[in-house]
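Asks: Structure file query.cif (mmCIF, C-alpha atoms, pLDDT in the B column; chains and numbers go by the auth columns) is given on the next line.
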data_query
loop_
_atom_site.group_PDB
_atom_site.id
_atom_site.type_symbol
_atom_site.label_atom_id
_atom_site.label_comp_id
_atom_site.label_asym_id
_atom_site.label_seq_id
_atom_site.Cartn_x
_atom_site.Cartn_y
_atom_site.Cartn_z
_atom_site.B_iso_or_equiv
_atom_site.auth_seq_id
_atom_site.auth_asym_id
ATOM 1 C CA TRP A 1 17.238 -8.499 14.630 37.00 1 A
ATOM 2 C CA LEU A 2 16.462 -11.442 12.418 44.00 2 A
ATOM 3 C CA GLY A 3 12.752 -11.934 11.955 45.00 3 A
ATOM 4 C CA ALA A 4 11.937 -8.515 13.301 44.00 4 A
ATOM 5 C CA GLY A 5 12.660 -5.830 10.721 44.00 5 A
ATOM 6 C CA PRO A 6 10.306 -2.979 9.861 44.00 6 A
ATOM 7 C CA MET A 7 7.267 -5.221 10.089 46.00 7 A
ATOM 8 C CA ALA A 8 5.342 -3.585 12.899 48.00 8 A
ATOM 9 C CA GLU A 9 3.696 -0.738 11.018 61.00 9 A
ATOM 10 C CA ALA A 10 2.502 -0.434 7.460 61.00 10 A
ATOM 11 C CA MET A 11 0.880 2.494 5.758 66.00 11 A
ATOM 12 C CA PRO A 12 -2.855 2.541 6.415 83.00 12 A
ATOM 13 C CA VAL A 13 -4.869 1.255 3.472 92.00 13 A
ATOM 14 C CA ARG A 14 -7.903 3.276 2.538 94.00 14 A
ATOM 15 C CA GLU A 15 -11.076 1.560 1.427 96.00 15 A
ATOM 16 C CA ILE A 16 -11.280 1.593 -2.364 96.00 16 A
ATOM 17 C CA ARG A 17 -14.545 3.601 -2.190 94.00 17 A
ATOM 18 C CA ASP A 18 -12.630 6.344 -0.361 96.00 18 A
ATOM 19 C CA VAL A 19 -10.095 6.432 -3.183 95.00 19 A
ATOM 20 C CA VAL A 20 -12.296 6.601 -6.262 95.00 20 A
ATOM 21 C CA PRO A 21 -15.000 9.116 -7.188 94.00 21 A
ATOM 22 C CA GLU A 22 -18.557 8.218 -6.189 96.00 22 A
ATOM 23 C CA GLU A 23 -19.593 7.482 -9.768 96.00 23 A
ATOM 24 C CA LEU A 24 -17.100 4.573 -9.783 95.00 24 A
ATOM 25 C CA HIS A 25 -18.433 2.935 -6.595 96.00 25 A
ATOM 26 C CA THR A 26 -20.431 0.446 -8.678 96.00 26 A
ATOM 27 C CA ASN A 27 -17.577 -0.251 -11.110 96.00 27 A
ATOM 28 C CA GLU A 28 -16.904 -3.968 -11.494 96.00 28 A
ATOM 29 C CA SER A 29 -13.253 -3.632 -10.451 96.00 29 A
ATOM 30 C CA VAL A 30 -14.110 -1.555 -7.379 97.00 30 A
ATOM 31 C CA LEU A 31 -16.685 -4.125 -6.284 97.00 31 A
ATOM 32 C CA ALA A 32 -14.227 -6.975 -6.865 98.00 32 A
ATOM 33 C CA ILE A 33 -11.532 -5.226 -4.804 98.00 33 A
ATOM 34 C CA GLU A 34 -14.011 -4.768 -1.954 97.00 34 A
ATOM 35 C CA ARG A 35 -15.096 -8.398 -2.193 98.00 35 A
ATOM 36 C CA PHE A 36 -11.548 -9.788 -2.145 98.00 36 A
ATOM 37 C CA GLU A 37 -10.518 -7.568 0.773 97.00 37 A
ATOM 38 C CA ALA A 38 -13.646 -8.546 2.702 97.00 38 A
ATOM 39 C CA GLU A 39 -13.077 -12.251 2.012 98.00 39 A
ATOM 40 C CA ALA A 40 -9.593 -12.055 3.542 97.00 40 A
ATOM 41 C CA GLY A 41 -10.962 -11.180 6.995 96.00 41 A
ATOM 42 C CA PRO A 42 -12.682 -14.471 7.837 98.00 42 A
ATOM 43 C CA PHE A 43 -9.677 -16.442 6.592 98.00 43 A
ATOM 44 C CA GLU A 44 -7.417 -14.378 8.844 97.00 44 A
ATOM 45 C CA SER A 45 -9.758 -14.935 11.807 97.00 45 A
ATOM 46 C CA GLN A 46 -9.534 -18.675 11.201 97.00 46 A
ATOM 47 C CA ARG A 47 -5.733 -18.415 10.908 96.00 47 A
ATOM 48 C CA GLN A 48 -5.906 -19.573 7.300 97.00 48 A
ATOM 49 C CA TYR A 49 -3.276 -17.027 6.386 98.00 49 A
ATOM 50 C CA VAL A 50 -2.370 -18.346 2.943 98.00 50 A
ATOM 51 C CA MET A 51 -6.008 -18.148 1.856 98.00 51 A
ATOM 52 C CA ALA A 52 -6.288 -14.635 3.305 98.00 52 A
ATOM 53 C CA ALA A 53 -3.102 -13.631 1.491 98.00 53 A
ATOM 54 C CA GLU A 54 -4.451 -15.000 -1.776 98.00 54 A
ATOM 55 C CA CYS A 55 -7.568 -12.835 -1.405 98.00 55 A
ATOM 56 C CA LEU A 56 -5.438 -9.779 -0.683 97.00 56 A
ATOM 57 C CA GLU A 57 -3.197 -10.638 -3.622 97.00 57 A
ATOM 58 C CA GLN A 58 -6.226 -10.580 -5.935 98.00 58 A
ATOM 59 C CA ALA A 59 -7.271 -7.210 -4.507 98.00 59 A
ATOM 60 C CA ILE A 60 -3.720 -5.838 -4.946 96.00 60 A
ATOM 61 C CA THR A 61 -3.616 -6.982 -8.573 96.00 61 A
ATOM 62 C CA LEU A 62 -6.921 -5.253 -9.271 97.00 62 A
ATOM 63 C CA ARG A 63 -5.839 -2.089 -7.431 96.00 63 A
ATOM 64 C CA GLN A 64 -2.695 -1.996 -9.562 94.00 64 A
ATOM 65 C CA LYS A 65 -4.657 -2.353 -12.803 95.00 65 A
ATOM 66 C CA PHE A 66 -7.344 0.107 -11.728 94.00 66 A
ATOM 67 C CA LEU A 67 -5.189 2.770 -10.032 95.00 67 A
ATOM 68 C CA GLY A 68 -1.784 2.278 -11.676 93.00 68 A
ATOM 69 C CA ASP A 69 1.719 1.486 -10.396 90.00 69 A
ATOM 70 C CA ALA A 70 2.425 4.946 -9.019 91.00 70 A
ATOM 71 C CA HIS A 71 -0.833 5.594 -7.160 94.00 71 A
ATOM 72 C CA LYS A 72 -0.221 6.147 -3.449 93.00 72 A
ATOM 73 C CA ASP A 73 -3.183 4.000 -2.427 95.00 73 A
ATOM 74 C CA PHE A 74 -1.988 1.082 -4.535 94.00 74 A
ATOM 75 C CA LEU A 75 1.506 1.412 -3.028 93.00 75 A
ATOM 76 C CA ALA A 76 0.061 1.608 0.511 93.00 76 A
ATOM 77 C CA ALA A 77 -1.966 -1.567 -0.138 95.00 77 A
ATOM 78 C CA LEU A 78 1.100 -3.332 -1.536 95.00 78 A
ATOM 79 C CA GLU A 79 3.232 -2.344 1.443 94.00 79 A
ATOM 80 C CA SER A 80 0.528 -3.505 3.841 95.00 80 A
ATOM 81 C CA TYR A 81 0.291 -6.792 1.945 96.00 81 A
ATOM 82 C CA VAL A 82 4.048 -7.444 2.225 96.00 82 A
ATOM 83 C CA VAL A 83 4.102 -6.531 5.924 96.00 83 A
ATOM 84 C CA THR A 84 1.061 -8.725 6.539 97.00 84 A
ATOM 85 C CA CYS A 85 2.497 -11.716 4.659 98.00 85 A
ATOM 86 C CA ASN A 86 5.685 -11.440 6.710 97.00 86 A
ATOM 87 C CA ARG A 87 3.747 -11.113 9.987 97.00 87 A
ATOM 88 C CA TRP A 88 1.528 -14.073 9.152 97.00 88 A
ATOM 89 C CA GLY A 89 4.586 -16.016 8.024 98.00 89 A
ATOM 90 C CA ILE A 90 6.292 -15.497 11.385 97.00 90 A
ATOM 91 C CA GLN A 91 3.077 -16.470 13.211 97.00 91 A
ATOM 92 C CA SER A 92 2.816 -19.622 11.103 97.00 92 A
ATOM 93 C CA LEU A 93 6.478 -20.421 11.694 97.00 93 A
ATOM 94 C CA ASN A 94 6.048 -20.036 15.449 96.00 94 A
ATOM 95 C CA ALA A 95 3.010 -22.341 15.289 96.00 95 A
ATOM 96 C CA GLY A 96 5.022 -24.998 13.436 96.00 96 A
ATOM 97 C CA GLN A 97 3.081 -24.493 10.209 97.00 97 A
ATOM 98 C CA TYR A 98 6.176 -24.558 8.027 97.00 98 A
ATOM 99 C CA THR A 99 4.535 -24.976 4.622 97.00 99 A
ATOM 100 C CA GLU A 100 2.275 -21.986 5.242 98.00 100 A
ATOM 101 C CA ALA A 101 5.151 -19.879 6.567 98.00 101 A
ATOM 102 C CA LEU A 102 7.277 -20.593 3.520 98.00 102 A
ATOM 103 C CA GLU A 103 4.389 -19.801 1.161 98.00 103 A
ATOM 104 C CA LEU A 104 3.744 -16.473 2.882 98.00 104 A
ATOM 105 C CA PHE A 105 7.416 -15.486 2.772 98.00 105 A
ATOM 106 C CA LYS A 106 7.480 -16.386 -0.923 98.00 106 A
ATOM 107 C CA LYS A 107 4.488 -14.118 -1.521 98.00 107 A
ATOM 108 C CA ALA A 108 6.252 -11.237 0.248 97.00 108 A
ATOM 109 C CA ASP A 109 9.421 -11.970 -1.717 96.00 109 A
ATOM 110 C CA HIS A 110 7.574 -11.949 -5.035 95.00 110 A
ATOM 111 C CA ALA A 111 5.828 -8.667 -4.200 94.00 111 A
ATOM 112 C CA THR A 112 9.182 -7.005 -3.478 92.00 112 A
ATOM 113 C CA GLU A 113 10.966 -8.029 -6.686 91.00 113 A
ATOM 114 C CA ALA A 114 12.332 -4.989 -8.498 84.00 114 A
ATOM 115 C CA ASP A 115 10.563 -5.670 -11.781 83.00 115 A
ATOM 116 C CA ASN A 116 7.092 -5.941 -10.262 79.00 116 A
ATOM 117 C CA VAL A 117 6.558 -2.367 -9.038 77.00 117 A
ATOM 118 C CA PRO A 118 9.222 0.187 -9.953 73.00 118 A
ATOM 119 C CA ASN A 119 7.700 2.996 -7.827 74.00 119 A
ATOM 120 C CA PHE A 120 7.637 1.040 -4.564 80.00 120 A
ATOM 121 C CA THR A 121 9.986 3.099 -2.372 78.00 121 A
ATOM 122 C CA ARG A 122 9.913 0.799 0.683 84.00 122 A
ATOM 123 C CA ARG A 123 10.517 -2.242 -1.506 88.00 123 A
ATOM 124 C CA VAL A 124 14.169 -2.602 -0.536 88.00 124 A
ATOM 125 C CA SER A 125 13.735 -2.424 3.243 89.00 125 A
ATOM 126 C CA LEU A 126 10.759 -4.778 3.096 93.00 126 A
ATOM 127 C CA ARG A 127 12.770 -7.158 0.929 92.00 127 A
ATOM 128 C CA ALA A 128 15.582 -7.190 3.496 93.00 128 A
ATOM 129 C CA ALA A 129 13.055 -7.949 6.246 94.00 129 A
ATOM 130 C CA THR A 130 11.578 -10.744 4.122 96.00 130 A
ATOM 131 C CA PHE A 131 15.044 -12.247 3.632 96.00 131 A
ATOM 132 C CA SER A 132 15.547 -12.084 7.410 96.00 132 A
ATOM 133 C CA ASN A 133 12.321 -14.012 7.830 97.00 133 A
ATOM 134 C CA PHE A 134 13.470 -16.617 5.297 97.00 134 A
ATOM 135 C CA CYS A 135 16.601 -16.902 7.440 97.00 135 A
ATOM 136 C CA CYS A 136 14.451 -17.602 10.498 96.00 136 A
ATOM 137 C CA TYR A 137 12.434 -20.145 8.561 97.00 137 A
ATOM 138 C CA TYR A 138 15.470 -22.086 7.376 97.00 138 A
ATOM 139 C CA ARG A 139 17.121 -21.889 10.805 96.00 139 A
ATOM 140 C CA HIS A 140 13.917 -23.338 12.322 94.00 140 A
ATOM 141 C CA ARG A 141 14.007 -26.118 9.751 95.00 141 A
ATOM 142 C CA GLY A 142 17.640 -26.934 10.542 95.00 142 A
ATOM 143 C CA LYS A 143 18.911 -25.778 7.143 97.00 143 A
ATOM 144 C CA ILE A 144 21.751 -23.639 8.402 96.00 144 A
ATOM 145 C CA ASN A 145 23.415 -23.010 5.024 96.00 145 A
ATOM 146 C CA ALA A 146 20.173 -21.697 3.513 95.00 146 A
ATOM 147 C CA ALA A 147 19.579 -19.589 6.641 95.00 147 A
ATOM 148 C CA LEU A 148 23.063 -18.131 6.340 96.00 148 A
ATOM 149 C CA GLN A 149 22.537 -17.298 2.660 96.00 149 A
ATOM 150 C CA PHE A 150 19.358 -15.357 3.424 95.00 150 A
ATOM 151 C CA ALA A 151 20.995 -13.595 6.371 95.00 151 A
ATOM 152 C CA GLU A 152 23.840 -12.533 4.086 95.00 152 A
ATOM 153 C CA ARG A 153 21.390 -11.312 1.449 93.00 153 A
ATOM 154 C CA ALA A 154 19.507 -9.260 4.058 92.00 154 A
ATOM 155 C CA LEU A 155 22.734 -7.783 5.394 91.00 155 A
ATOM 156 C CA LYS A 156 23.969 -6.988 1.896 90.00 156 A
ATOM 157 C CA ILE A 157 20.786 -5.044 1.161 87.00 157 A
ATOM 158 C CA GLU A 158 20.945 -3.194 4.452 82.00 158 A
ATOM 159 C CA GLU A 159 24.616 -2.325 3.973 82.00 159 A
ATOM 160 C CA HIS A 160 24.082 -1.204 0.388 79.00 160 A
ATOM 161 C CA TYR A 161 21.124 1.018 1.254 73.00 161 A
ATOM 162 C CA LYS A 162 22.028 2.086 4.780 66.00 162 A
ATOM 163 C CA ASP A 163 22.658 5.666 3.659 51.00 163 A
ATOM 164 C CA ALA A 164 19.495 5.886 1.599 48.00 164 A
ATOM 165 C CA GLU A 165 16.842 8.246 2.885 44.00 165 A
ATOM 166 C CA ASN A 166 13.902 5.794 2.704 44.00 166 A
ATOM 167 C CA PRO A 167 15.143 2.407 1.459 43.00 167 A
#
Can you present the structure in this file as structure tokens?
Replies:
Amino acid sequence: WLGAGPMAEAMPVREIRDVVPEELHTNESVLAIERFEAEAGPFESQRQYVMAAECLEQAITLRQKFLGDAHKDFLAALESYVVTCNRWGIQSLNAGQYTEALELFKKADHATEADNVPNFTRRVSLRAATFSNFCCYYRHRGKINAALQFAERALKIEEHYKDAENP
């Protein structure tokens, strides 16, 4: 199960123009969100995943400021970001791009810290999956003790929240 987790499907992310009223379509923040999300695509196509993630991170930060921590479309974008960073991290790891993989897992880890977004209901399960991916990373790098520590952290989360309705 390590390196797999609930990474396959994320909530769909609606375009920011579909979220805000029409009179806000020309708002500076809305335009910046669109620009950052659009800029991520070419980087992804070129397999420059860290650059793509940095664009998405900028868009997420703006969505959070513009929509608020509890808005469902901000939370959907954040979940998609974490899932995407983990997916790109595994792809980078499999391609032997270890620096990029580690950076992407760190971005997913940071996004799932408890203090960052208190209303993020899937935070815990995504955090466990991220720890599993760190385990894979360190196992690939031959750092068995670090891999074991992350595997234990992932298992601890899953055990602690196994009875939760939507961890």
Asks: Interatomic distance between atom CA of Ala128 of chain A and atom CA of Ala154 of chain A?
Replies: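 Straight-line distance from atom CA of Ala128 of chain A to atom CA of Ala154 of chain A works out to 4.5 Å.
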Asks: Kindly extract all protein, DNA and RNA residues lying within 12 Å of the coordinates (-13.1, -8.2, -2.0) given in the file, considering all atoms listed in the file, and supply them as an mmCIF file with C-alpha atoms, in the frame of the given file.
Replies:
data_model
loop_
_atom_site.group_PDB
_atom_site.id
_atom_site.type_symbol
_atom_site.label_atom_id
_atom_site.label_comp_id
_atom_site.auth_asym_id
_atom_site.auth_seq_id
_atom_site.Cartn_x
_atom_site.Cartn_y
_atom_site.Cartn_z
ATOM 1 C CA GLU A 15 -11.076 1.560 1.427
ATOM 2 C CA ILE A 16 -11.280 1.593 -2.364
ATOM 3 C CA ARG A 17 -14.545 3.601 -2.190
ATOM 4 C CA GLU A 28 -16.904 -3.968 -11.494
ATOM 5 C CA SER A 29 -13.253 -3.632 -10.451
ATOM 6 C CA VAL A 30 -14.110 -1.555 -7.379
ATOM 7 C CA LEU A 31 -16.685 -4.125 -6.284
ATOM 8 C CA ALA A 32 -14.227 -6.975 -6.865
ATOM 9 C CA ILE A 33 -11.532 -5.226 -4.804
ATOM 10 C CA GLU A 34 -14.011 -4.768 -1.954
ATOM 11 C CA ARG A 35 -15.096 -8.398 -2.193
ATOM 12 C CA PHE A 36 -11.548 -9.788 -2.145
ATOM 13 C CA GLU A 37 -10.518 -7.568 0.773
ATOM 14 C CA ALA A 38 -13.646 -8.546 2.702
ATOM 15 C CA GLU A 39 -13.077 -12.251 2.012
ATOM 16 C CA ALA A 40 -9.593 -12.055 3.542
ATOM 17 C CA GLY A 41 -10.962 -11.180 6.995
ATOM 18 C CA PRO A 42 -12.682 -14.471 7.837
ATOM 19 C CA ALA A 52 -6.288 -14.635 3.305
ATOM 20 C CA ALA A 53 -3.102 -13.631 1.491
ATOM 21 C CA GLU A 54 -4.451 -15.000 -1.776
ATOM 22 C CA CYS A 55 -7.568 -12.835 -1.405
ATOM 23 C CA LEU A 56 -5.438 -9.779 -0.683
ATOM 24 C CA GLU A 57 -3.197 -10.638 -3.622
ATOM 25 C CA GLN A 58 -6.226 -10.580 -5.935
ATOM 26 C CA ALA A 59 -7.271 -7.210 -4.507
ATOM 27 C CA ILE A 60 -3.720 -5.838 -4.946
ATOM 28 C CA THR A 61 -3.616 -6.982 -8.573
ATOM 29 C CA LEU A 62 -6.921 -5.253 -9.271
ATOM 30 C CA ARG A 63 -5.839 -2.089 -7.431
#
Asks: Evaluated on this file, the PyMOL selection byres ((chain A and resi 14) around 10) picks out some residues - which ones are they, written as a compact mmCIF listing (two decimals) with C-alpha atoms, in the frame of the given file?
Replies:
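What ended up in result_10.txt:
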# COMPACT_ATOMS: atom_id res chain seq x y z
CA MET A 11 0.88 2.49 5.76
CA PRO A 12 -2.86 2.54 6.42
CA VAL A 13 -4.87 1.25 3.47
CA GLU A 15 -11.08 1.56 1.43
CA ILE A 16 -11.28 1.59 -2.36
CA ARG A 17 -14.54 3.60 -2.19
CA ASP A 18 -12.63 6.34 -0.36
CA VAL A 19 -10.10 6.43 -3.18
CA ASP A 73 -3.18 4.00 -2.43
CA PHE A 74 -1.99 1.08 -4.54
CA ALA A 76 0.06 1.61 0.51
CA ALA A 77 -1.97 -1.57 -0.14
Asks: Quick one: distance from atom CA of Asn119 of chain A to atom CA of Asp69 of chain A in Å, one decimal?
Replies: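 Taking atom CA of Asn119 of chain A as the start and atom CA of Asp69 of chain A as the end point, the length is 6.7 Å.
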Asks: Hey, can you pull every residue with an atom no more than 8 Å from (9.0, -1.2, -5.1), using only C-alpha atoms, and send it as a list of chain:residue names?
Replies: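 In the file's frame, the residues around the point are A:Thr112, A:Glu113, A:Ala114, A:Asn116, A:Val117, A:Pro118, A:Asn119, A:Phe120, A:Thr121, A:Arg122, A:Arg123, A:Val124.
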Asks: Kindly indicate which residue among A:Arg153, A:Lys72, A:His140, A:His110 lies nearest to Ile90 of chain A, using only C-alpha atoms for the distances.
Replies: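 For Ile90 of chain A, the nearest of the candidates is A:His140.
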Asks: If you count only C-alpha atoms, which residues fall within 12 Å of Ala95 of chain A, apart from same-chain ones fewer than 6 positions away, as a PyMOL selection string?
Replies: chain A and resi 47+88-89+101+137+140
Asks: From the options A:Val20, A:Val50, A:Gln64, A:Asn94, which residue's atoms come nearest to Lys106 of chain A, counting only C-alpha atoms?
Replies: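 Closest to Lys106 of chain A of all the choices is A:Val50.
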Asks: For the structure shown, which residues end up in the PyMOL selection byres ((chain A and resi 126) around 10)? Put them as an mmCIF file with C-alpha atoms, keeping the file's coordinate frame, please?
Replies:
data_model
loop_
_atom_site.group_PDB
_atom_site.id
_atom_site.type_symbol
_atom_site.label_atom_id
_atom_site.label_comp_id
_atom_site.auth_asym_id
_atom_site.auth_seq_id
_atom_site.Cartn_x
_atom_site.Cartn_y
_atom_site.Cartn_z
ATOM 1 C CA GLY A 5 12.660 -5.830 10.721
ATOM 2 C CA PRO A 6 10.306 -2.979 9.861
ATOM 3 C CA MET A 7 7.267 -5.221 10.089
ATOM 4 C CA GLU A 79 3.232 -2.344 1.443
ATOM 5 C CA VAL A 82 4.048 -7.444 2.225
ATOM 6 C CA VAL A 83 4.102 -6.531 5.924
ATOM 7 C CA ASN A 86 5.685 -11.440 6.710
ATOM 8 C CA ALA A 108 6.252 -11.237 0.248
ATOM 9 C CA ASP A 109 9.421 -11.970 -1.717
ATOM 10 C CA ALA A 111 5.828 -8.667 -4.200
ATOM 11 C CA THR A 112 9.182 -7.005 -3.478
ATOM 12 C CA THR A 121 9.986 3.099 -2.372
ATOM 13 C CA ARG A 122 9.913 0.799 0.683
ATOM 14 C CA ARG A 123 10.517 -2.242 -1.506
ATOM 15 C CA VAL A 124 14.169 -2.602 -0.536
ATOM 16 C CA SER A 125 13.735 -2.424 3.243
ATOM 17 C CA ARG A 127 12.770 -7.158 0.929
ATOM 18 C CA ALA A 128 15.582 -7.190 3.496
ATOM 19 C CA ALA A 129 13.055 -7.949 6.246
ATOM 20 C CA THR A 130 11.578 -10.744 4.122
ATOM 21 C CA PHE A 131 15.044 -12.247 3.632
ATOM 22 C CA SER A 132 15.547 -12.084 7.410
ATOM 23 C CA ALA A 154 19.507 -9.260 4.058
ATOM 24 C CA PRO A 167 15.143 2.407 1.459
#
Asks: For the structure shown, which residues end up in the PyMOL selection byres ((chain A and resi 148) around 12)? Put them as a list in words, please?
Replies: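 When the PyMOL selection byres ((chain A and resi 148) around 12) is applied to the shown file, the picked residues are Leu2, Phe131, Ser132, Asn133, Phe134, Cys135, Cys136, Tyr137, Tyr138, Arg139, Gly142, Lys143, Ile144, Asn145, Ala146, Ala147, Gln149, Phe150, Ala151, Glu152, Arg153, Ala154 and Leu155 of chain A.
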Asks: Based on the selection just made, write C-alpha atoms of those residues as a PDB file, in the coordinates of the input.
Replies:
ATOM      1  CA  LEU A   2      16.462 -11.442  12.418  1.00 44.00           C
ATOM      2  CA  PHE A 131      15.044 -12.247   3.632  1.00 96.00           C
ATOM      3  CA  SER A 132      15.547 -12.084   7.410  1.00 96.00           C
ATOM      4  CA  ASN A 133      12.321 -14.012   7.830  1.00 97.00           C
ATOM      5  CA  PHE A 134      13.470 -16.617   5.297  1.00 97.00           C
ATOM      6  CA  CYS A 135      16.601 -16.902   7.440  1.00 97.00           C
ATOM      7  CA  CYS A 136      14.451 -17.602  10.498  1.00 96.00           C
ATOM      8  CA  TYR A 137      12.434 -20.145   8.561  1.00 97.00           C
ATOM      9  CA  TYR A 138      15.470 -22.086   7.376  1.00 97.00           C
ATOM     10  CA  ARG A 139      17.121 -21.889  10.805  1.00 96.00           C
ATOM     11  CA  GLY A 142      17.640 -26.934  10.542  1.00 95.00           C
ATOM     12  CA  LYS A 143      18.911 -25.778   7.143  1.00 97.00           C
ATOM     13  CA  ILE A 144      21.751 -23.639   8.402  1.00 96.00           C
ATOM     14  CA  ASN A 145      23.415 -23.010   5.024  1.00 96.00           C
ATOM     15  CA  ALA A 146      20.173 -21.697   3.513  1.00 95.00           C
ATOM     16  CA  ALA A 147      19.579 -19.589   6.641  1.00 95.00           C
ATOM     17  CA  GLN A 149      22.537 -17.298   2.660  1.00 96.00           C
ATOM     18  CA  PHE A 150      19.358 -15.357   3.424  1.00 95.00           C
ATOM     19  CA  ALA A 151      20.995 -13.595   6.371  1.00 95.00           C
ATOM     20  CA  GLU A 152      23.840 -12.533   4.086  1.00 95.00           C
ATOM     21  CA  ARG A 153      21.390 -11.312   1.449  1.00 93.00           C
ATOM     22  CA  ALA A 154      19.507  -9.260   4.058  1.00 92.00           C
ATOM     23  CA  LEU A 155      22.734  -7.783   5.394  1.00 91.00           C
TER      24      LEU A 155
END
